[in-house]
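For reference, the structure is listed below as structure tokens.
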Amino acid sequence: MEQENLARWVEQIAKEFSQPLKNVKAVGDLLAEGATIPFISRYRKEMTGSMDEVMITNIRDRIEQLRELDKRREAVISSIEKQGKLTPELMSMIVSAETLAELEDIYLPYKPKRKTRASVAKEKGLEPLALRLFDQEKFDIEEFSKTFINAEKGVNTLEEALDGARDIIAEMVSENPDTRKQVREIFWSEGHVESRVLKGKEAEGQKFKDYFEWSEPISKTPSHRLLAMRRGEKEGILALDIYPPEELAISSMERQYIKSENAAAEQVKLAIKDSYKRLLRPSLETEVRMESKMKADEEAIKVFASNLKELLLAAPLGQKSVLALDPGFRTGCKV
């Protein structure tokens, strides 16, 4: 099974990196056999088409990503199958998901979760009201909502019925894969990273004083600055937020869902605002924080590796001549 998967991953990676299939396959096979990246780049050039260490590292990392994606895909299919909700259309969406984020968005509505405000509202029988509002057709909301008032189920007033219906709509919106993808793109393109000093920490956190009041686009934040702000947050000096302008995200969601101008549409607008502030923003901010941290770490490692390479390649004794022997058993000894 692993060999079949490896062949599929290799084919995908060859296309992504525009590399010859046979060379990528050779790298995949060598890595599977336990060969190290320096060994492959130095001693297996004829098999890999003289790939450098950077490309071999990229292939190794991508194979690991695809392995994790397939493992998660199997778990998702198994979970939905046990619930008896796996349809051919849903299966097709799961199989075609190309990233973990996309896969998790598809799985979210089926993910076993603790009791939520929406699930409580459904238990109270408010789902038909939510769906009627969500359709945004013209009807007497007050009269229809009154039919859901039921003291035994915990719905005592008209406002409680509407609150519960909006909670259901908010969760529906936040679990829609297209909505999540759309708002996620706004987070990356328009999101700002903002840091501020916590009250009373000014004297203690002088080494972070540059970030006491700081804001810049997350797409342009260099790795060293993001990591410094995260250190300040970890040490309890700074508060850190990453999100786009609220009105931009909400207006984007409204364009997707609002299709009328009536009282029902106003209720849906309230639910969308609640969905973003209470559900979508915290979820996507956590995701963006994790991914931006991972990217910053990778960039920091590259900078460190580059600096170390320059240091190691510097002449060990300055202007003095050095004689060295390279015991190349395969290609001959060199002086």
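Labels for the structure tokens follow display order: chains A, B, ..., residues from 1 in each chain, ligands from 1.
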
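DSSP on the backbone gives strand (DSSP E or B) for these parts of region 133-228 of chain A: Asn150, Val155, His192, Val193, Glu194, Ser195, Arg196, Val197, Glu213, Trp214, Ser215, Glu216 and Pro217 of chain A.
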
Selected residues, C-alpha atoms, written as a PDB file, in the first residue's frame, please.
```pdb
ATOM      1  CA  ASN A 150     -42.617  26.065  24.065  1.00  0.00           C
ATOM      2  CA  VAL A 155     -38.267  28.502  24.474  1.00  0.00           C
ATOM      3  CA  HIS A 192      -2.861  42.539   9.934  1.00  0.00           C
ATOM      4  CA  VAL A 193      -0.664  41.337  12.767  1.00  0.00           C
ATOM      5  CA  GLU A 194      -1.104  43.675  15.727  1.00  0.00           C
ATOM      6  CA  SER A 195       0.828  43.640  18.988  1.00  0.00           C
ATOM      7  CA  ARG A 196       0.439  45.796  22.095  1.00  0.00           C
ATOM      8  CA  VAL A 197       2.038  45.776  25.513  1.00  0.00           C
ATOM      9  CA  GLU A 213       2.199  49.388  19.551  1.00  0.00           C
ATOM     10  CA  TRP A 214       2.767  47.643  16.239  1.00  0.00           C
ATOM     11  CA  SER A 215       0.625  46.799  13.223  1.00  0.00           C
ATOM     12  CA  GLU A 216       1.492  45.599   9.709  1.00  0.00           C
ATOM     13  CA  PRO A 217       0.067  43.270   7.022  1.00  0.00           C
TER      14      PRO A 217
END
```

Handout entry: Distance in Å - CA of Ser252 (chain A) versus CA of Ala271 (chain A)
Key = 14.1 Å

Exercise for the section: Determine the nearest neighbour of Ala35 (chain A) from the options A:Ala228, A:Pro20, A:Arg60, A:Lys269, counting only C-alpha atoms. Expected result: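 Using only C-alpha atoms, Ala35 (chain A) sits closest to A:Arg60.
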
Within 7 Å of region 281-291 of chain A, counting only C-alpha atoms, which residues show up once you throw out same-chain ones fewer than 3 positions away? Write them as an mmCIF file with N, CA and C atoms, in the first residue's frame, please.
```cif
data_model
loop_
_atom_site.group_PDB
_atom_site.id
_atom_site.type_symbol
_atom_site.label_atom_id
_atom_site.label_comp_id
_atom_site.auth_asym_id
_atom_site.auth_seq_id
_atom_site.Cartn_x
_atom_site.Cartn_y
_atom_site.Cartn_z
ATOM 1 N N ARG A 184 -10.686 32.740 4.681
ATOM 2 C CA ARG A 184 -9.265 32.396 4.889
ATOM 3 C C ARG A 184 -8.386 33.213 3.947
ATOM 4 N N ILE A 242 -4.098 38.513 14.963
ATOM 5 C CA ILE A 242 -3.932 38.476 13.509
ATOM 6 C C ILE A 242 -5.319 38.327 12.891
ATOM 7 N N TYR A 243 -5.805 39.384 12.240
ATOM 8 C CA TYR A 243 -7.105 39.292 11.568
ATOM 9 C C TYR A 243 -7.278 40.464 10.605
ATOM 10 N N TYR A 276 -19.186 35.186 12.170
ATOM 11 C CA TYR A 276 -17.801 35.623 11.967
ATOM 12 C C TYR A 276 -17.101 35.889 13.290
ATOM 13 N N LYS A 277 -17.749 36.699 14.150
ATOM 14 C CA LYS A 277 -17.086 37.127 15.393
ATOM 15 C C LYS A 277 -16.902 35.989 16.394
ATOM 16 N N ARG A 278 -17.894 35.101 16.480
ATOM 17 C CA ARG A 278 -17.868 34.062 17.521
ATOM 18 C C ARG A 278 -17.244 32.747 17.049
ATOM 19 N N MET A 294 4.880 28.499 11.288
ATOM 20 C CA MET A 294 5.622 27.452 10.578
ATOM 21 C C MET A 294 6.466 28.069 9.451
ATOM 22 N N LYS A 295 5.859 29.002 8.702
ATOM 23 C CA LYS A 295 6.592 29.657 7.617
ATOM 24 C C LYS A 295 7.749 30.492 8.161
#
```

What lies within 9 Å of Ser275 (chain A) using only C-alpha atoms, ignoring chain neighbours under 3 positions off, as a compact mmCIF listing (two decimals) with N, CA and C atoms, in the first residue's frame?
```txt
# COMPACT_ATOMS: atom_id res chain seq x y z
N ASP A 167 -28.51 31.21 15.96
CA ASP A 167 -27.38 30.35 16.35
C ASP A 167 -27.19 29.20 15.35
N ILE A 169 -28.17 29.20 12.14
CA ILE A 169 -27.68 29.79 10.89
C ILE A 169 -26.20 30.12 10.99
N ALA A 170 -25.80 30.68 12.13
CA ALA A 170 -24.38 31.05 12.34
C ALA A 170 -23.47 29.84 12.18
N GLU A 171 -23.88 28.70 12.74
CA GLU A 171 -23.06 27.49 12.62
C GLU A 171 -23.06 26.95 11.19
N MET A 172 -24.21 27.01 10.53
CA MET A 172 -24.29 26.58 9.13
C MET A 172 -23.30 27.37 8.27
N VAL A 173 -23.28 28.68 8.48
CA VAL A 173 -22.41 29.57 7.71
C VAL A 173 -20.94 29.26 8.01
N SER A 174 -20.62 29.12 9.28
CA SER A 174 -19.21 28.92 9.67
C SER A 174 -18.66 27.58 9.22
N LEU A 270 -27.67 39.38 10.94
CA LEU A 270 -27.26 39.31 12.35
C LEU A 270 -26.54 37.99 12.63
N ALA A 271 -27.05 36.90 12.05
CA ALA A 271 -26.43 35.58 12.24
C ALA A 271 -25.04 35.53 11.60
N ILE A 272 -24.89 36.17 10.44
CA ILE A 272 -23.58 36.18 9.75
C ILE A 272 -22.55 36.92 10.58
N ARG A 278 -17.89 35.10 16.48
CA ARG A 278 -17.87 34.06 17.52
C ARG A 278 -17.24 32.75 17.05
N LEU A 279 -17.38 32.43 15.75
CA LEU A 279 -16.95 31.11 15.28
C LEU A 279 -15.81 31.17 14.25
N LEU A 280 -16.01 31.92 13.17
CA LEU A 280 -15.04 31.90 12.08
C LEU A 280 -13.73 32.60 12.44
N ARG A 281 -13.82 33.80 12.98
CA ARG A 281 -12.60 34.56 13.25
C ARG A 281 -11.66 33.82 14.22
```

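Comparing the minimum interatomic distances between Ser145 (chain A) and each of A:Ala32, A:Leu198, A:Ala264, A:Ile258, counting only C-alpha atoms, we find that A:Ala264 sits nearest.
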
To test your reading of the structure, identify every residue in region 103-258 of chain A that backbone DSSP assigns to helix (DSSP H, G or I), and report it as a CSV table (one decimal) with N, CA and C atoms, in the first residue's frame.
```csv
chain,number,residue,atom,x,y,z
A,103,LEU,N,-9.5,19.7,3.4
A,103,LEU,CA,-10.1,18.5,3.9
A,103,LEU,C,-10.9,18.7,5.3
A,104,GLU,N,-10.3,19.5,6.1
A,104,GLU,CA,-10.9,19.8,7.4
A,104,GLU,C,-12.2,20.6,7.3
A,105,ASP,N,-12.2,21.5,6.3
A,105,ASP,CA,-13.4,22.3,6.0
A,105,ASP,C,-14.5,21.4,5.6
A,106,ILE,N,-14.2,20.4,4.8
A,106,ILE,CA,-15.3,19.5,4.3
A,106,ILE,C,-15.8,18.6,5.5
A,107,TYR,N,-14.9,18.3,6.4
A,107,TYR,CA,-15.2,17.4,7.5
A,107,TYR,C,-15.9,18.1,8.6
A,108,LEU,N,-15.7,19.4,8.7
A,108,LEU,CA,-16.2,20.2,9.9
A,108,LEU,C,-17.7,19.9,10.2
A,109,PRO,N,-18.7,19.9,9.3
A,109,PRO,CA,-20.1,19.7,9.6
A,109,PRO,C,-20.3,18.3,10.2
A,110,TYR,N,-19.4,17.3,9.9
A,110,TYR,CA,-19.6,15.9,10.4
A,110,TYR,C,-18.7,15.6,11.6
A,117,ARG,N,-24.2,26.1,20.9
A,117,ARG,CA,-25.5,26.8,21.0
A,117,ARG,C,-26.4,26.4,19.9
A,118,ALA,N,-25.9,26.0,18.7
A,118,ALA,CA,-26.7,25.6,17.6
A,118,ALA,C,-27.3,24.2,17.9
A,119,SER,N,-26.5,23.3,18.5
A,119,SER,CA,-27.1,22.0,18.8
A,119,SER,C,-28.2,22.1,19.9
A,120,VAL,N,-28.0,23.0,20.8
A,120,VAL,CA,-29.0,23.2,21.9
A,120,VAL,C,-30.3,23.7,21.2
A,121,ALA,N,-30.1,24.7,20.3
A,121,ALA,CA,-31.3,25.3,19.6
A,121,ALA,C,-32.0,24.2,18.7
A,122,LYS,N,-31.3,23.3,18.1
A,122,LYS,CA,-31.9,22.2,17.4
A,122,LYS,C,-32.7,21.3,18.3
A,123,GLU,N,-32.1,21.0,19.5
A,123,GLU,CA,-32.9,20.2,20.5
A,123,GLU,C,-34.2,20.8,20.9
A,127,GLU,N,-34.9,24.3,14.3
A,127,GLU,CA,-34.2,24.2,13.0
A,127,GLU,C,-35.2,24.7,11.9
A,128,PRO,N,-36.5,24.3,11.9
A,128,PRO,CA,-37.4,24.7,10.8
A,128,PRO,C,-37.5,26.3,10.7
A,129,LEU,N,-37.4,26.9,11.9
A,129,LEU,CA,-37.5,28.4,11.9
A,129,LEU,C,-36.2,28.9,11.2
A,130,ALA,N,-35.1,28.3,11.6
A,130,ALA,CA,-33.8,28.8,11.0
A,130,ALA,C,-33.7,28.6,9.5
A,131,LEU,N,-34.2,27.5,9.0
A,131,LEU,CA,-34.2,27.2,7.6
A,131,LEU,C,-35.1,28.2,6.8
A,132,ARG,N,-36.3,28.5,7.5
A,132,ARG,CA,-37.2,29.4,6.8
A,132,ARG,C,-36.6,30.8,6.8
A,133,LEU,N,-36.0,31.2,7.8
A,133,LEU,CA,-35.3,32.6,7.8
A,133,LEU,C,-34.2,32.6,6.7
A,134,PHE,N,-33.4,31.5,6.7
A,134,PHE,CA,-32.3,31.4,5.8
A,134,PHE,C,-32.7,31.5,4.3
A,135,ASP,N,-33.9,31.0,4.0
A,135,ASP,CA,-34.5,31.1,2.6
A,135,ASP,C,-34.7,32.6,2.2
A,141,ILE,N,-42.6,37.0,10.2
A,141,ILE,CA,-41.6,36.3,11.1
A,141,ILE,C,-42.2,36.2,12.5
A,142,GLU,N,-42.8,37.3,13.0
A,142,GLU,CA,-43.3,37.2,14.3
A,142,GLU,C,-44.4,36.1,14.6
A,143,GLU,N,-45.3,36.0,13.6
A,143,GLU,CA,-46.4,35.0,13.8
A,143,GLU,C,-45.8,33.6,13.7
A,144,PHE,N,-44.9,33.4,12.7
A,144,PHE,CA,-44.3,32.1,12.5
A,144,PHE,C,-43.5,31.7,13.7
A,145,SER,N,-42.7,32.7,14.2
A,145,SER,CA,-41.8,32.4,15.3
A,145,SER,C,-42.5,32.0,16.6
A,146,LYS,N,-43.7,32.6,16.8
A,146,LYS,CA,-44.5,32.3,18.0
A,146,LYS,C,-44.9,30.9,18.1
A,151,ALA,N,-42.5,26.3,26.5
A,151,ALA,CA,-41.9,26.4,27.8
A,151,ALA,C,-41.2,25.1,28.2
A,152,GLU,N,-41.8,23.9,27.8
A,152,GLU,CA,-41.3,22.6,28.1
A,152,GLU,C,-39.9,22.4,27.5
A,153,LYS,N,-39.7,23.0,26.3
A,153,LYS,CA,-38.4,22.8,25.6
A,153,LYS,C,-37.5,24.0,25.9
A,158,LEU,N,-40.5,35.1,22.1
A,158,LEU,CA,-40.2,35.2,20.7
A,158,LEU,C,-38.8,35.5,20.5
A,159,GLU,N,-38.1,36.3,21.3
A,159,GLU,CA,-36.7,36.6,21.1
A,159,GLU,C,-35.8,35.4,21.3
A,160,GLU,N,-36.2,34.5,22.3
A,160,GLU,CA,-35.4,33.3,22.5
A,160,GLU,C,-35.5,32.4,21.3
A,161,ALA,N,-36.7,32.3,20.6
A,161,ALA,CA,-36.8,31.5,19.4
A,161,ALA,C,-36.0,32.1,18.3
A,162,LEU,N,-35.9,33.4,18.1
A,162,LEU,CA,-35.1,34.0,17.1
A,162,LEU,C,-33.6,33.9,17.4
A,163,ASP,N,-33.3,34.0,18.6
A,163,ASP,CA,-31.8,33.8,19.0
A,163,ASP,C,-31.4,32.4,18.7
A,164,GLY,N,-32.2,31.4,19.0
A,164,GLY,CA,-31.8,30.1,18.7
A,164,GLY,C,-31.7,29.8,17.2
A,165,ALA,N,-32.6,30.3,16.4
A,165,ALA,CA,-32.6,30.2,15.0
A,165,ALA,C,-31.3,30.8,14.4
A,166,ARG,N,-31.0,32.0,14.9
A,166,ARG,CA,-29.8,32.7,14.4
A,166,ARG,C,-28.5,31.8,14.8
A,167,ASP,N,-28.5,31.2,16.0
A,167,ASP,CA,-27.4,30.4,16.3
A,167,ASP,C,-27.2,29.2,15.4
A,168,ILE,N,-28.3,28.6,14.9
A,168,ILE,CA,-28.2,27.5,13.9
A,168,ILE,C,-27.7,28.0,12.6
A,169,ILE,N,-28.2,29.2,12.1
A,169,ILE,CA,-27.7,29.8,10.9
A,169,ILE,C,-26.2,30.1,11.0
A,170,ALA,N,-25.8,30.7,12.1
A,170,ALA,CA,-24.4,31.0,12.3
A,170,ALA,C,-23.5,29.8,12.2
A,171,GLU,N,-23.9,28.7,12.7
A,171,GLU,CA,-23.1,27.5,12.6
A,171,GLU,C,-23.1,26.9,11.2
A,172,MET,N,-24.2,27.0,10.5
A,172,MET,CA,-24.3,26.6,9.1
A,172,MET,C,-23.3,27.4,8.3
A,173,VAL,N,-23.3,28.7,8.5
A,173,VAL,CA,-22.4,29.6,7.7
A,173,VAL,C,-20.9,29.3,8.0
A,174,SER,N,-20.6,29.1,9.3
A,174,SER,CA,-19.2,28.9,9.7
A,174,SER,C,-18.7,27.6,9.2
A,177,PRO,N,-17.7,25.0,3.6
A,177,PRO,CA,-16.3,25.0,3.0
A,177,PRO,C,-16.0,26.3,2.2
A,178,ASP,N,-16.9,26.7,1.3
A,178,ASP,CA,-16.7,27.8,0.4
A,178,ASP,C,-16.5,29.1,1.2
A,179,THR,N,-17.3,29.3,2.3
A,179,THR,CA,-17.2,30.5,3.2
A,179,THR,C,-15.9,30.5,3.9
A,180,ARG,N,-15.5,29.3,4.4
A,180,ARG,CA,-14.2,29.3,5.1
A,180,ARG,C,-13.0,29.6,4.2
A,181,LYS,N,-13.1,29.0,3.0
A,181,LYS,CA,-12.0,29.3,2.0
A,181,LYS,C,-11.9,30.8,1.6
A,182,GLN,N,-13.1,31.4,1.4
A,182,GLN,CA,-13.2,32.8,1.1
A,182,GLN,C,-12.6,33.7,2.2
A,183,VAL,N,-13.0,33.4,3.4
A,183,VAL,CA,-12.6,34.3,4.6
A,183,VAL,C,-11.1,34.0,4.9
A,184,ARG,N,-10.7,32.7,4.7
A,184,ARG,CA,-9.3,32.4,4.9
A,184,ARG,C,-8.4,33.2,3.9
A,185,GLU,N,-8.8,33.3,2.7
A,185,GLU,CA,-8.0,34.1,1.7
A,185,GLU,C,-8.0,35.6,2.1
A,186,ILE,N,-9.1,36.1,2.7
A,186,ILE,CA,-9.1,37.5,3.2
A,186,ILE,C,-8.1,37.7,4.4
A,187,PHE,N,-8.1,36.6,5.2
A,187,PHE,CA,-7.1,36.7,6.4
A,187,PHE,C,-5.7,36.9,5.8
A,188,TRP,N,-5.3,36.1,4.8
A,188,TRP,CA,-4.0,36.1,4.3
A,188,TRP,C,-3.7,37.4,3.5
A,189,SER,N,-4.7,37.8,2.7
A,189,SER,CA,-4.4,39.0,1.8
A,189,SER,C,-4.6,40.3,2.5
A,190,GLU,N,-5.5,40.4,3.5
A,190,GLU,CA,-5.9,41.7,4.1
A,190,GLU,C,-5.6,41.7,5.6
A,206,GLN,N,11.2,45.8,28.2
A,206,GLN,CA,11.9,46.8,27.4
A,206,GLN,C,12.5,46.2,26.1
A,207,LYS,N,12.9,44.9,26.2
A,207,LYS,CA,13.5,44.3,25.0
A,207,LYS,C,12.5,44.2,23.8
A,208,PHE,N,11.2,44.3,24.2
A,208,PHE,CA,10.2,44.2,23.2
A,208,PHE,C,9.5,45.5,22.9
A,209,LYS,N,10.2,46.6,23.3
A,209,LYS,CA,9.5,48.0,23.2
A,209,LYS,C,9.2,48.4,21.8
A,210,ASP,N,9.9,47.8,20.8
A,210,ASP,CA,9.5,48.2,19.4
A,210,ASP,C,8.2,47.7,19.0
A,211,TYR,N,7.6,46.7,19.8
A,211,TYR,CA,6.4,46.1,19.4
A,211,TYR,C,5.3,46.4,20.4
A,218,ILE,N,0.1,40.9,7.6
A,218,ILE,CA,0.7,39.6,7.8
A,218,ILE,C,1.4,39.1,6.6
A,219,SER,N,1.0,39.5,5.4
A,219,SER,CA,1.6,39.0,4.2
A,219,SER,C,3.0,39.6,4.0
A,220,LYS,N,3.3,40.7,4.7
A,220,LYS,CA,4.6,41.4,4.5
A,220,LYS,C,5.4,41.4,5.8
A,223,SER,N,10.0,37.1,8.9
A,223,SER,CA,10.0,36.1,9.9
A,223,SER,C,10.6,36.5,11.2
A,224,HIS,N,11.7,37.2,11.2
A,224,HIS,CA,12.3,37.6,12.5
A,224,HIS,C,11.4,38.5,13.4
A,225,ARG,N,10.6,39.3,12.7
A,225,ARG,CA,9.7,40.2,13.5
A,225,ARG,C,8.5,39.4,14.0
A,226,LEU,N,7.9,38.5,13.2
A,226,LEU,CA,6.8,37.7,13.7
A,226,LEU,C,7.3,36.8,14.9
A,227,LEU,N,8.4,36.2,14.8
A,227,LEU,CA,8.9,35.4,15.9
A,227,LEU,C,9.2,36.2,17.1
A,228,ALA,N,9.7,37.4,17.0
A,228,ALA,CA,10.0,38.3,18.1
A,228,ALA,C,8.7,38.6,18.9
A,229,MET,N,7.6,38.9,18.1
A,229,MET,CA,6.4,39.3,18.7
A,229,MET,C,5.8,38.0,19.4
A,230,ARG,N,5.9,36.9,18.8
A,230,ARG,CA,5.4,35.7,19.4
A,230,ARG,C,6.2,35.3,20.7
A,231,ARG,N,7.5,35.6,20.7
A,231,ARG,CA,8.3,35.5,22.0
A,231,ARG,C,7.7,36.4,23.1
A,232,GLY,N,7.4,37.7,22.7
A,232,GLY,CA,6.9,38.6,23.6
A,232,GLY,C,5.6,38.2,24.2
A,233,GLU,N,4.7,37.6,23.3
A,233,GLU,CA,3.4,37.0,23.8
A,233,GLU,C,3.7,35.9,24.7
A,234,LYS,N,4.6,35.0,24.4
A,234,LYS,CA,4.8,33.8,25.2
A,234,LYS,C,5.4,34.2,26.6
A,246,GLU,N,-12.8,43.8,10.1
A,246,GLU,CA,-14.0,43.0,10.3
A,246,GLU,C,-15.1,43.3,9.3
A,247,GLU,N,-15.3,44.5,8.9
A,247,GLU,CA,-16.3,44.9,7.9
A,247,GLU,C,-16.0,44.2,6.5
A,248,LEU,N,-14.7,44.0,6.2
A,248,LEU,CA,-14.3,43.4,4.9
A,248,LEU,C,-14.8,42.0,4.9
A,249,ALA,N,-14.5,41.2,6.0
A,249,ALA,CA,-14.8,39.8,6.0
A,249,ALA,C,-16.4,39.6,6.0
A,250,ILE,N,-17.1,40.4,6.9
A,250,ILE,CA,-18.5,40.3,7.0
A,250,ILE,C,-19.2,40.7,5.7
A,251,SER,N,-18.8,41.7,5.0
A,251,SER,CA,-19.4,42.1,3.7
A,251,SER,C,-19.2,41.0,2.7
A,252,SER,N,-18.0,40.4,2.7
A,252,SER,CA,-17.8,39.3,1.8
A,252,SER,C,-18.8,38.1,2.0
A,253,MET,N,-19.0,37.8,3.3
A,253,MET,CA,-19.9,36.7,3.7
A,253,MET,C,-21.4,37.1,3.3
A,254,GLU,N,-21.7,38.4,3.5
A,254,GLU,CA,-23.1,38.9,3.2
A,254,GLU,C,-23.3,38.7,1.7
A,255,ARG,N,-22.3,39.0,0.8
A,255,ARG,CA,-22.5,38.9,-0.6
A,255,ARG,C,-22.7,37.5,-1.0
A,256,GLN,N,-22.2,36.5,-0.2
A,256,GLN,CA,-22.4,35.1,-0.5
A,256,GLN,C,-23.8,34.7,-0.1
A,257,TYR,N,-24.4,35.2,0.9
A,257,TYR,CA,-25.6,34.7,1.5
A,257,TYR,C,-26.9,35.6,1.3
```

Exercise for the section: Enter the distance from CA of Met91 (chain A) to CA of Ala75 (chain A), in Å, rounded to one decimal. Expected result: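 A separation of 12.6 Å between them.
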
Handout entry: Contacts of Lys199 (chain A) within 12 Å, only C-alpha atoms, excl. fewer than 2 positions in-chain, as a list in words
Key =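 Once the adjacent positions are removed, what remains is Arg196, Val197, Lys201, Glu202, Ala203, Glu204, Gly205, Phe212, Gly236, Ile237, Leu238 and Ala239 of chain A.
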
Practice task
Find the spatial neighbours of Thr99 (chain A), counting only C-alpha atoms, within a cut-off of 12 Å - ignore same-chain residues fewer than 4 positions away - and output them as a list in words.
Solution key: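 Close residues of Thr99 (chain A): Arg62, Gln65, Leu66, Arg67, Glu68, Leu69, Asp70, Arg72, Arg73, Met93, Ile94, Val95, Leu103, Glu104, Asp105, Ile106 and Lys181 of chain A.
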
Problem - Distance criterion (only C-alpha atoms): nearest to Val268 (chain A) out of A:Lys45, A:Ala97, A:Pro244, A:Gln136 - result: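 Of A:Lys45, A:Ala97, A:Pro244, A:Gln136, the one nearest Val268 (chain A) is A:Gln136, counting only C-alpha atoms.
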
Exercise for the section: Between A:Ala296, A:Ala314, A:Leu100, A:Val76, single out the one closest to Pro112 (chain A), counting only C-alpha atoms. Expected result: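 Nearest to Pro112 (chain A): A:Val76.
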